[in-house]
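> Supplied structure: target.cif, mmCIF, C-alpha atoms, pLDDT in the B column; chains and numbers go by the auth columns.
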data_query
loop_
_atom_site.group_PDB
_atom_site.id
_atom_site.type_symbol
_atom_site.label_atom_id
_atom_site.label_comp_id
_atom_site.label_asym_id
_atom_site.label_seq_id
_atom_site.Cartn_x
_atom_site.Cartn_y
_atom_site.Cartn_z
_atom_site.B_iso_or_equiv
_atom_site.auth_seq_id
_atom_site.auth_asym_id
ATOM 1 C CA MET A 1 -21.116 9.059 -23.921 47.00 248 A
ATOM 2 C CA ALA A 2 -21.914 7.542 -20.527 56.00 249 A
ATOM 3 C CA ALA A 3 -19.085 6.670 -18.180 61.00 250 A
ATOM 4 C CA SER A 4 -17.989 3.070 -17.826 78.00 251 A
ATOM 5 C CA GLY A 5 -17.497 1.073 -14.657 91.00 252 A
ATOM 6 C CA ILE A 6 -14.786 -1.270 -13.403 94.00 253 A
ATOM 7 C CA ILE A 7 -15.367 -4.572 -11.615 95.00 254 A
ATOM 8 C CA LEU A 8 -12.634 -6.621 -9.936 95.00 255 A
ATOM 9 C CA ASP A 9 -14.207 -9.998 -9.202 94.00 256 A
ATOM 10 C CA ASP A 10 -12.325 -12.362 -6.849 95.00 257 A
ATOM 11 C CA ILE A 11 -8.856 -11.531 -8.210 95.00 258 A
ATOM 12 C CA TRP A 12 -5.994 -13.857 -7.276 95.00 259 A
ATOM 13 C CA THR A 13 -2.547 -12.922 -8.606 94.00 260 A
ATOM 14 C CA ARG A 14 0.952 -14.239 -8.129 91.00 261 A
ATOM 15 C CA PHE A 15 4.109 -14.353 -10.236 88.00 262 A
ATOM 16 C CA GLY A 16 5.373 -17.879 -10.821 82.00 263 A
ATOM 17 C CA GLU A 17 4.004 -21.141 -9.502 76.00 264 A
ATOM 18 C CA SER A 18 5.827 -20.828 -6.199 74.00 265 A
ATOM 19 C CA GLY A 19 5.497 -17.058 -5.761 81.00 266 A
ATOM 20 C CA ARG A 20 3.519 -15.487 -2.960 88.00 267 A
ATOM 21 C CA TRP A 21 -0.050 -14.463 -3.601 92.00 268 A
ATOM 22 C CA ILE A 22 -0.106 -10.702 -4.236 93.00 269 A
ATOM 23 C CA HIS A 23 -3.895 -10.660 -4.420 95.00 270 A
ATOM 24 C CA ARG A 24 -6.044 -13.102 -2.484 94.00 271 A
ATOM 25 C CA GLY A 25 -9.598 -12.676 -3.702 94.00 272 A
ATOM 26 C CA VAL A 26 -9.704 -8.925 -4.335 96.00 273 A
ATOM 27 C CA THR A 27 -13.250 -7.807 -5.084 96.00 274 A
ATOM 28 C CA LEU A 28 -14.097 -4.188 -5.827 96.00 275 A
ATOM 29 C CA GLU A 29 -16.647 -2.369 -7.967 95.00 276 A
ATOM 30 C CA VAL A 30 -16.124 1.161 -9.234 95.00 277 A
ATOM 31 C CA MET A 31 -19.484 2.466 -10.369 94.00 278 A
ATOM 32 C CA PRO A 32 -19.800 4.565 -13.553 93.00 279 A
ATOM 33 C CA GLY A 33 -18.928 8.166 -12.709 92.00 280 A
ATOM 34 C CA GLU A 34 -17.489 7.244 -9.308 95.00 281 A
ATOM 35 C CA SER A 35 -14.016 8.066 -8.009 96.00 282 A
ATOM 36 C CA VAL A 36 -12.264 5.343 -6.002 97.00 283 A
ATOM 37 C CA ALA A 37 -8.773 5.550 -4.507 96.00 284 A
ATOM 38 C CA ILE A 38 -6.822 2.406 -3.639 96.00 285 A
ATOM 39 C CA ILE A 39 -4.373 2.792 -0.770 94.00 286 A
ATOM 40 C CA GLY A 40 -1.989 0.372 0.924 89.00 287 A
ATOM 41 C CA GLY A 41 1.616 -0.145 1.862 84.00 288 A
ATOM 42 C CA SER A 42 4.512 -0.703 -0.501 82.00 289 A
ATOM 43 C CA GLY A 43 4.232 -4.133 -2.096 82.00 290 A
ATOM 44 C CA ALA A 44 0.524 -4.433 -1.334 85.00 291 A
ATOM 45 C CA GLY A 45 -0.276 -4.953 -5.023 88.00 292 A
ATOM 46 C CA LYS A 46 -1.850 -1.601 -5.901 91.00 293 A
ATOM 47 C CA SER A 47 0.064 -1.084 -9.142 89.00 294 A
ATOM 48 C CA VAL A 48 -0.453 -4.710 -10.150 91.00 295 A
ATOM 49 C CA LEU A 49 -4.206 -4.155 -9.873 92.00 296 A
ATOM 50 C CA LEU A 50 -3.926 -1.094 -12.103 90.00 297 A
ATOM 51 C CA ARG A 51 -1.987 -3.077 -14.692 89.00 298 A
ATOM 52 C CA SER A 52 -4.675 -5.755 -14.546 90.00 299 A
ATOM 53 C CA VAL A 53 -7.299 -3.128 -15.384 89.00 300 A
ATOM 54 C CA LEU A 54 -5.162 -2.140 -18.372 86.00 301 A
ATOM 55 C CA GLY A 55 -4.938 -5.770 -19.475 83.00 302 A
ATOM 56 C CA LEU A 56 -1.148 -5.803 -19.053 86.00 303 A
ATOM 57 C CA ILE A 57 -1.191 -8.465 -16.319 87.00 304 A
ATOM 58 C CA GLN A 58 -3.471 -11.484 -16.262 88.00 305 A
ATOM 59 C CA PRO A 59 -4.653 -12.625 -12.811 91.00 306 A
ATOM 60 C CA ASN A 60 -4.375 -16.297 -12.021 91.00 307 A
ATOM 61 C CA ARG A 61 -8.050 -16.392 -11.106 93.00 308 A
ATOM 62 C CA GLY A 62 -10.968 -14.004 -11.214 94.00 309 A
ATOM 63 C CA LYS A 63 -12.249 -11.420 -13.656 93.00 310 A
ATOM 64 C CA VAL A 64 -11.363 -7.814 -14.429 92.00 311 A
ATOM 65 C CA LEU A 65 -14.338 -6.200 -16.147 93.00 312 A
ATOM 66 C CA VAL A 66 -13.966 -2.804 -17.793 91.00 313 A
ATOM 67 C CA ASP A 67 -17.138 -1.596 -19.467 84.00 314 A
ATOM 68 C CA ASP A 68 -18.315 -5.261 -19.377 85.00 315 A
ATOM 69 C CA VAL A 69 -15.196 -6.471 -21.217 88.00 316 A
ATOM 70 C CA ASP A 70 -13.250 -9.126 -19.290 89.00 317 A
ATOM 71 C CA MET A 71 -9.682 -7.828 -19.556 85.00 318 A
ATOM 72 C CA SER A 72 -8.345 -11.083 -18.107 77.00 319 A
ATOM 73 C CA SER A 73 -9.463 -13.037 -21.186 81.00 320 A
ATOM 74 C CA ALA A 74 -10.095 -10.366 -23.848 82.00 321 A
ATOM 75 C CA THR A 75 -8.666 -10.512 -27.352 85.00 322 A
ATOM 76 C CA GLU A 76 -6.172 -7.906 -28.528 84.00 323 A
ATOM 77 C CA ASP A 77 -8.923 -6.148 -30.484 87.00 324 A
ATOM 78 C CA GLU A 78 -11.199 -6.038 -27.436 86.00 325 A
ATOM 79 C CA ILE A 79 -8.403 -4.674 -25.247 85.00 326 A
ATOM 80 C CA TYR A 80 -7.587 -2.036 -27.870 84.00 327 A
ATOM 81 C CA SER A 81 -11.247 -1.000 -28.006 85.00 328 A
ATOM 82 C CA VAL A 82 -11.302 -0.577 -24.219 86.00 329 A
ATOM 83 C CA MET A 83 -7.980 1.282 -24.193 85.00 330 A
ATOM 84 C CA LYS A 84 -9.459 3.933 -26.482 85.00 331 A
ATOM 85 C CA ARG A 85 -11.942 4.711 -23.700 87.00 332 A
ATOM 86 C CA LEU A 86 -9.251 4.942 -21.001 89.00 333 A
ATOM 87 C CA GLY A 87 -7.093 7.863 -19.974 90.00 334 A
ATOM 88 C CA MET A 88 -3.893 7.167 -18.028 89.00 335 A
ATOM 89 C CA LEU A 89 -1.993 9.563 -15.769 89.00 336 A
ATOM 90 C CA PHE A 90 1.389 7.947 -15.144 85.00 337 A
ATOM 91 C CA GLN A 91 3.305 8.325 -11.898 78.00 338 A
ATOM 92 C CA PHE A 92 6.111 10.426 -13.368 70.00 339 A
ATOM 93 C CA GLY A 93 4.197 11.844 -16.321 68.00 340 A
ATOM 94 C CA ALA A 94 5.938 9.727 -18.998 84.00 341 A
ATOM 95 C CA LEU A 95 6.192 12.662 -21.394 89.00 342 A
ATOM 96 C CA PHE A 96 8.275 12.434 -24.559 88.00 343 A
ATOM 97 C CA ASP A 97 11.207 14.791 -24.001 91.00 344 A
ATOM 98 C CA SER A 98 11.809 15.391 -27.712 92.00 345 A
ATOM 99 C CA LEU A 99 8.226 16.442 -28.484 94.00 346 A
ATOM 100 C CA PRO A 100 6.693 19.850 -27.725 96.00 347 A
ATOM 101 C CA VAL A 101 3.846 19.979 -25.243 95.00 348 A
ATOM 102 C CA TRP A 102 1.066 20.095 -27.837 95.00 349 A
ATOM 103 C CA GLU A 103 2.335 16.904 -29.488 94.00 350 A
ATOM 104 C CA ASN A 104 2.622 15.181 -26.116 94.00 351 A
ATOM 105 C CA VAL A 105 -0.960 16.089 -25.248 95.00 352 A
ATOM 106 C CA THR A 106 -2.369 14.912 -28.579 94.00 353 A
ATOM 107 C CA PHE A 107 -0.050 11.953 -29.114 90.00 354 A
ATOM 108 C CA ALA A 108 -2.826 9.334 -28.986 84.00 355 A
ATOM 109 C CA LEU A 109 -5.023 11.410 -31.328 88.00 356 A
ATOM 110 C CA GLN A 110 -2.472 11.717 -34.119 83.00 357 A
ATOM 111 C CA GLU A 111 -3.302 8.287 -35.522 79.00 358 A
ATOM 112 C CA GLN A 112 -6.802 9.595 -36.326 83.00 359 A
ATOM 113 C CA GLY A 113 -5.434 11.706 -39.161 80.00 360 A
ATOM 114 C CA LEU A 114 -6.428 15.047 -37.656 85.00 361 A
ATOM 115 C CA ASP A 115 -4.711 18.107 -39.098 91.00 362 A
ATOM 116 C CA VAL A 116 -2.154 20.059 -37.066 94.00 363 A
ATOM 117 C CA ALA A 117 -4.486 23.004 -36.490 95.00 364 A
ATOM 118 C CA THR A 118 -7.115 20.724 -34.948 95.00 365 A
ATOM 119 C CA LEU A 119 -4.557 18.923 -32.800 95.00 366 A
ATOM 120 C CA ARG A 120 -3.154 22.217 -31.531 95.00 367 A
ATOM 121 C CA ARG A 121 -6.666 23.476 -30.737 95.00 368 A
ATOM 122 C CA ILE A 122 -7.447 20.336 -28.727 95.00 369 A
ATOM 123 C CA ALA A 123 -4.125 20.603 -26.911 95.00 370 A
ATOM 124 C CA SER A 124 -4.782 24.240 -26.031 95.00 371 A
ATOM 125 C CA GLU A 125 -8.285 23.451 -24.745 93.00 372 A
ATOM 126 C CA LYS A 126 -7.103 20.606 -22.529 93.00 373 A
ATOM 127 C CA LEU A 127 -4.129 22.565 -21.235 95.00 374 A
ATOM 128 C CA LYS A 128 -6.427 25.403 -20.217 92.00 375 A
ATOM 129 C CA MET A 129 -8.563 22.879 -18.334 90.00 376 A
ATOM 130 C CA VAL A 130 -5.544 22.021 -16.174 90.00 377 A
ATOM 131 C CA GLY A 131 -4.537 25.645 -15.713 89.00 378 A
ATOM 132 C CA LEU A 132 -1.779 25.978 -18.317 90.00 379 A
ATOM 133 C CA ASN A 133 -1.533 28.667 -21.000 89.00 380 A
ATOM 134 C CA ALA A 134 1.019 29.461 -23.711 89.00 381 A
ATOM 135 C CA VAL A 135 3.108 26.329 -23.157 93.00 382 A
ATOM 136 C CA GLU A 136 2.099 24.439 -26.296 94.00 383 A
ATOM 137 C CA ASP A 137 5.494 24.859 -27.990 95.00 384 A
ATOM 138 C CA ALA A 138 7.643 24.294 -24.898 95.00 385 A
ATOM 139 C CA LEU A 139 9.613 21.096 -24.426 95.00 386 A
ATOM 140 C CA PRO A 140 9.034 19.031 -21.260 92.00 387 A
ATOM 141 C CA GLY A 141 12.567 19.823 -20.085 91.00 388 A
ATOM 142 C CA GLU A 142 11.604 23.500 -19.872 93.00 389 A
ATOM 143 C CA LEU A 143 8.763 22.828 -17.445 91.00 390 A
ATOM 144 C CA SER A 144 8.644 22.401 -13.674 89.00 391 A
ATOM 145 C CA GLY A 145 7.610 19.091 -12.133 86.00 392 A
ATOM 146 C CA GLY A 146 4.130 20.365 -11.400 87.00 393 A
ATOM 147 C CA MET A 147 3.677 21.678 -14.930 90.00 394 A
ATOM 148 C CA LYS A 148 4.802 18.336 -16.377 91.00 395 A
ATOM 149 C CA LYS A 149 2.219 16.534 -14.251 90.00 396 A
ATOM 150 C CA ARG A 150 -0.491 18.896 -15.483 91.00 397 A
ATOM 151 C CA VAL A 151 0.584 18.328 -19.103 94.00 398 A
ATOM 152 C CA ALA A 152 0.360 14.590 -18.433 93.00 399 A
ATOM 153 C CA LEU A 153 -3.161 15.065 -17.057 92.00 400 A
ATOM 154 C CA ALA A 154 -4.120 17.098 -20.140 93.00 401 A
ATOM 155 C CA ARG A 155 -2.857 14.218 -22.296 94.00 402 A
ATOM 156 C CA ALA A 156 -4.877 11.717 -20.234 92.00 403 A
ATOM 157 C CA ILE A 157 -8.121 13.597 -20.962 91.00 404 A
ATOM 158 C CA ALA A 158 -7.299 14.708 -24.530 91.00 405 A
ATOM 159 C CA HIS A 159 -9.542 12.068 -26.120 89.00 406 A
ATOM 160 C CA ASP A 160 -12.428 12.572 -23.642 89.00 407 A
ATOM 161 C CA PRO A 161 -12.069 9.182 -21.940 90.00 408 A
ATOM 162 C CA GLN A 162 -14.813 7.425 -20.016 91.00 409 A
ATOM 163 C CA ILE A 163 -12.349 6.135 -17.414 92.00 410 A
ATOM 164 C CA LEU A 164 -9.365 7.940 -15.904 93.00 411 A
ATOM 165 C CA LEU A 165 -6.643 5.849 -14.240 94.00 412 A
ATOM 166 C CA CYS A 166 -4.120 7.652 -12.025 94.00 413 A
ATOM 167 C CA ASP A 167 -0.926 6.044 -10.746 91.00 414 A
ATOM 168 C CA GLU A 168 0.462 7.943 -7.714 91.00 415 A
ATOM 169 C CA PRO A 169 -0.543 11.303 -9.235 90.00 416 A
ATOM 170 C CA THR A 170 1.071 13.418 -6.492 89.00 417 A
ATOM 171 C CA SER A 171 4.350 11.499 -6.260 85.00 418 A
ATOM 172 C CA GLY A 172 7.418 13.758 -6.232 83.00 419 A
ATOM 173 C CA LEU A 173 5.449 16.987 -5.859 84.00 420 A
ATOM 174 C CA ASP A 174 5.566 19.554 -3.070 88.00 421 A
ATOM 175 C CA PRO A 175 2.471 19.836 -0.809 91.00 422 A
ATOM 176 C CA VAL A 176 0.998 22.811 -2.656 90.00 423 A
ATOM 177 C CA MET A 177 1.353 21.259 -6.097 88.00 424 A
ATOM 178 C CA SER A 178 0.129 17.908 -4.739 90.00 425 A
ATOM 179 C CA ASP A 179 -3.059 19.604 -3.616 92.00 426 A
ATOM 180 C CA THR A 180 -3.336 21.380 -6.970 90.00 427 A
ATOM 181 C CA ILE A 181 -3.127 18.090 -8.894 89.00 428 A
ATOM 182 C CA SER A 182 -5.636 16.464 -6.539 93.00 429 A
ATOM 183 C CA GLU A 183 -8.030 19.354 -7.044 91.00 430 A
ATOM 184 C CA LEU A 184 -7.646 19.095 -10.829 89.00 431 A
ATOM 185 C CA ILE A 185 -8.398 15.355 -10.771 90.00 432 A
ATOM 186 C CA ARG A 186 -11.490 16.059 -8.663 91.00 433 A
ATOM 187 C CA GLN A 187 -12.569 18.751 -11.112 87.00 434 A
ATOM 188 C CA MET A 188 -12.041 16.464 -14.117 85.00 435 A
ATOM 189 C CA LYS A 189 -14.192 13.793 -12.489 88.00 436 A
ATOM 190 C CA ASN A 190 -16.996 16.283 -11.801 87.00 437 A
ATOM 191 C CA ARG A 191 -16.689 18.229 -15.049 86.00 438 A
ATOM 192 C CA LEU A 192 -16.270 15.313 -17.449 85.00 439 A
ATOM 193 C CA GLY A 193 -18.221 12.685 -15.526 88.00 440 A
ATOM 194 C CA VAL A 194 -15.433 10.146 -15.879 91.00 441 A
ATOM 195 C CA THR A 195 -15.009 7.064 -13.723 94.00 442 A
ATOM 196 C CA THR A 196 -11.760 7.536 -11.797 95.00 443 A
ATOM 197 C CA LEU A 197 -9.528 4.880 -10.243 96.00 444 A
ATOM 198 C CA THR A 198 -6.473 6.219 -8.420 95.00 445 A
ATOM 199 C CA ILE A 199 -3.547 4.411 -6.822 94.00 446 A
ATOM 200 C CA THR A 200 -2.027 6.552 -4.090 93.00 447 A
ATOM 201 C CA HIS A 201 -0.239 6.576 -0.756 88.00 448 A
ATOM 202 C CA ASP A 202 -1.058 10.280 -0.263 91.00 449 A
ATOM 203 C CA MET A 203 -3.968 10.313 2.177 93.00 450 A
ATOM 204 C CA LYS A 204 -4.653 14.032 1.786 93.00 451 A
ATOM 205 C CA SER A 205 -5.024 13.465 -1.938 94.00 452 A
ATOM 206 C CA ALA A 206 -7.199 10.374 -1.430 95.00 453 A
ATOM 207 C CA TYR A 207 -9.546 12.261 0.878 95.00 454 A
ATOM 208 C CA LYS A 208 -9.951 15.025 -1.708 95.00 455 A
ATOM 209 C CA ILE A 209 -10.466 13.052 -4.908 94.00 456 A
ATOM 210 C CA ALA A 210 -12.276 9.891 -3.803 96.00 457 A
ATOM 211 C CA ASP A 211 -15.930 9.091 -3.250 96.00 458 A
ATOM 212 C CA ARG A 212 -14.700 5.865 -1.644 97.00 459 A
ATOM 213 C CA ILE A 213 -11.297 4.654 -0.469 97.00 460 A
ATOM 214 C CA ALA A 214 -10.294 0.973 -0.610 97.00 461 A
ATOM 215 C CA MET A 215 -7.354 -0.297 1.439 95.00 462 A
ATOM 216 C CA LEU A 216 -5.338 -3.273 0.218 94.00 463 A
ATOM 217 C CA TYR A 217 -3.827 -5.323 3.036 92.00 464 A
ATOM 218 C CA GLU A 218 -2.254 -8.784 2.812 91.00 465 A
ATOM 219 C CA GLY A 219 -3.757 -9.363 -0.619 91.00 466 A
ATOM 220 C CA GLU A 220 -7.332 -8.410 0.222 93.00 467 A
ATOM 221 C CA ILE A 221 -9.523 -5.329 0.420 95.00 468 A
ATOM 222 C CA LEU A 222 -9.487 -4.705 4.156 94.00 469 A
ATOM 223 C CA VAL A 223 -11.998 -1.873 3.986 95.00 470 A
ATOM 224 C CA CYS A 224 -13.771 0.197 1.339 96.00 471 A
ATOM 225 C CA ASP A 225 -15.720 3.209 2.531 96.00 472 A
ATOM 226 C CA THR A 226 -16.141 6.956 2.279 97.00 473 A
ATOM 227 C CA PRO A 227 -13.237 9.244 3.210 96.00 474 A
ATOM 228 C CA GLU A 228 -15.128 10.293 6.327 96.00 475 A
ATOM 229 C CA ALA A 229 -15.609 6.689 7.423 96.00 476 A
ATOM 230 C CA ILE A 230 -11.949 5.854 6.749 95.00 477 A
ATOM 231 C CA GLN A 231 -10.834 8.792 8.878 93.00 478 A
ATOM 232 C CA ALA A 232 -13.157 7.696 11.685 93.00 479 A
ATOM 233 C CA SER A 233 -12.265 3.990 11.449 92.00 480 A
ATOM 234 C CA THR A 234 -11.327 2.268 14.695 91.00 481 A
ATOM 235 C CA ASP A 235 -9.439 -0.514 12.891 91.00 482 A
ATOM 236 C CA PRO A 236 -5.842 -0.239 14.154 90.00 483 A
ATOM 237 C CA ILE A 237 -4.373 -1.291 10.784 91.00 484 A
ATOM 238 C CA VAL A 238 -6.343 1.372 8.931 92.00 485 A
ATOM 239 C CA GLN A 239 -5.478 4.039 11.487 90.00 486 A
ATOM 240 C CA GLN A 240 -1.795 3.141 11.462 89.00 487 A
ATOM 241 C CA PHE A 241 -1.654 3.600 7.682 89.00 488 A
ATOM 242 C CA VAL A 242 -3.731 6.754 7.326 87.00 489 A
ATOM 243 C CA GLN A 243 -1.872 8.434 10.192 86.00 490 A
ATOM 244 C CA GLY A 244 1.529 7.202 9.008 81.00 491 A
ATOM 245 C CA ARG A 245 2.537 5.703 12.325 77.00 492 A
ATOM 246 C CA ALA A 246 5.614 3.473 12.585 72.00 493 A
ATOM 247 C CA LEU A 247 5.228 -0.151 13.677 65.00 494 A
ATOM 248 C CA ALA A 248 7.364 0.530 16.732 53.00 495 A
ATOM 249 C CA PRO A 249 9.264 3.430 18.259 48.00 496 A
ATOM 250 C CA VAL A 250 12.222 4.395 16.114 45.00 497 A
ATOM 251 C CA ILE A 251 15.526 3.667 17.808 44.00 498 A
ATOM 252 C CA HIS A 252 18.175 6.223 16.956 44.00 499 A
ATOM 253 C CA ALA A 253 21.842 5.166 17.017 43.00 500 A
ATOM 254 C CA GLU A 254 23.956 7.188 19.381 38.00 501 A
#
Just dump the structure as structure tokens.

Amino acid sequence: MAASGIILDDIWTRFGESGRWIHRGVTLEVMPGESVAIIGGSGAGKSVLLRSVLGLIQPNRGKVLVDDVDMSSATEDEIYSVMKRLGMLFQFGALFDSLPVWENVTFALQEQGLDVATLRRIASEKLKMVGLNAVEDALPGELSGGMKKRVALARAIAHDPQILLCDEPTSGLDPVMSDTISELIRQMKNRLGVTTLTITHDMKSAYKIADRIAMLYEGEILVCDTPEAIQASTDPIVQQFVQGRALAPVIHAE
């Protein structure tokens, strides 16, 4: 099945009539099979955009199109149909502590009435894709943070989604494991042909996984370009973020 695309068309979002505008005309297109990373400071509205793609938050104005379905006005049935084509890698994994790994990986597939042997086979196949073996019967509490994140990625791809959404996939991981997860996401995009939209503040990860990087700033897309162009940008706002520079010299108390 061909990958689906995502279109954010002039998105305006705020909470409450008197609240500040979180998004002020955000427009972005993620082409089928493309990987786009959205970066930006805390409170820039990255996670709100992701929730809009999932249909969990309705923008005040504009359209969120996923596979040509407008998630900002879709019915529950339409949203459910789209959700079946999405895979979601949550920031902290969101595994069920009381379920063994194989049940976590195949949780969304269990409603299809598949037998246990089939579910375990699928779980094993997806776990091998993310570099895990012989952990099917382990509980999440027995795994390291990096292993949990890989189990969560296996769950996100268990149903062969057309779109993979990643929310801060390297958060809480050491540099080596962060790079491992980034490499796995890149491999999944290339191997499965999925459209990938990633929210991240980890520039090393963004450079590795993204075909294009979009920066949210003051409610708008300030720039959207290739990793190479972002690194070479002369915009002081872009450079300050990607290099992690403070706004002013830090004053240390004596």
> Skip Phe339 of chain A itself and residues of its chain fewer than 5 positions away, then list as a tab-separated table (two decimals) with C-alpha atoms, in the coordinates of the input all residues within 9 Å of it, counting all atoms listed in the file.

chain	number	residue	atom	x	y	z
A	392	GLY	CA	7.61	19.09	-12.13
A	395	LYS	CA	4.80	18.34	-16.38
A	396	LYS	CA	2.22	16.53	-14.25
A	399	ALA	CA	0.36	14.59	-18.43
A	414	ASP	CA	-0.93	6.04	-10.75
A	415	GLU	CA	0.46	7.94	-7.71
A	416	PRO	CA	-0.54	11.30	-9.24
A	418	SER	CA	4.35	11.50	-6.26
A	419	GLY	CA	7.42	13.76	-6.23
> Could you tell me how far atom CA of Asp257 of chain A lies from atom CA of Thr274 of chain A, in Å and to one decimal?
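Between atom CA of Asp257 of chain A and atom CA of Thr274 of chain A the gap works out to 5.0 Å.
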> Could you state which residues are captured by the PyMOL selection byres ((chain A and resi 481-495) around 12) in this file, as a PyMOL selection string?
chain A and resi 286-289+447-454+460-465+468-472+474-480+496-498
> Tell me which residues the PyMOL selection byres ((chain A and resi 412) around 9) grabs here, as a list in words.
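Output from the PyMOL selection byres ((chain A and resi 412) around 9), applied to this file: Leu297, Leu333, Gly334, Met335, Leu336, Phe337, Ala403, Ile410, Leu411, Cys413, Asp414, Thr442, Thr443, Leu444, Thr445 and Ile446 of chain A.
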> Please produce a file of the residues just selected, as a PDB file, keeping the file's coordinate frame, where the atoms kept are C-alpha atoms.

ATOM      1  CA  LEU A 297      -3.926  -1.094 -12.103  1.00 90.00           C
ATOM      2  CA  LEU A 333      -9.251   4.942 -21.001  1.00 89.00           C
ATOM      3  CA  GLY A 334      -7.093   7.863 -19.974  1.00 90.00           C
ATOM      4  CA  MET A 335      -3.893   7.167 -18.028  1.00 89.00           C
ATOM      5  CA  LEU A 336      -1.993   9.563 -15.769  1.00 89.00           C
ATOM      6  CA  PHE A 337       1.389   7.947 -15.144  1.00 85.00           C
ATOM      7  CA  ALA A 403      -4.877  11.717 -20.234  1.00 92.00           C
ATOM      8  CA  ILE A 410     -12.349   6.135 -17.414  1.00 92.00           C
ATOM      9  CA  LEU A 411      -9.365   7.940 -15.904  1.00 93.00           C
ATOM     10  CA  CYS A 413      -4.120   7.652 -12.025  1.00 94.00           C
ATOM     11  CA  ASP A 414      -0.926   6.044 -10.746  1.00 91.00           C
ATOM     12  CA  THR A 442     -15.009   7.064 -13.723  1.00 94.00           C
ATOM     13  CA  THR A 443     -11.760   7.536 -11.797  1.00 95.00           C
ATOM     14  CA  LEU A 444      -9.528   4.880 -10.243  1.00 96.00           C
ATOM     15  CA  THR A 445      -6.473   6.219  -8.420  1.00 95.00           C
ATOM     16  CA  ILE A 446      -3.547   4.411  -6.822  1.00 94.00           C
TER      17      ILE A 446
END
> Measuring atom to atom with all atoms listed in the file, identify which of A:Leu303, A:Thr353, A:Glu358, A:Gly388 is nearest to Glu372 of chain A.
A:Thr353
> Would you please work out which residue, of A:Asp314, A:Asp344, A:Asp407, A:Glu276, is nearest to Ile369 of chain A when using only C-alpha atoms?
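Distance minimum relative to Ile369 of chain A lands on A:Asp407.
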> Using only C-alpha atoms, find the one residue out of A:Leu366, A:Val423, A:Ile326, A:Leu386 that sits nearest to Val311 of chain A.
A:Ile326
> Find the residue from A:Asp458, A:Glu323, A:Glu430, A:Glu467 that sits nearest to Val377 of chain A; use only C-alpha atoms when measuring.
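Closest candidate: A:Glu430.
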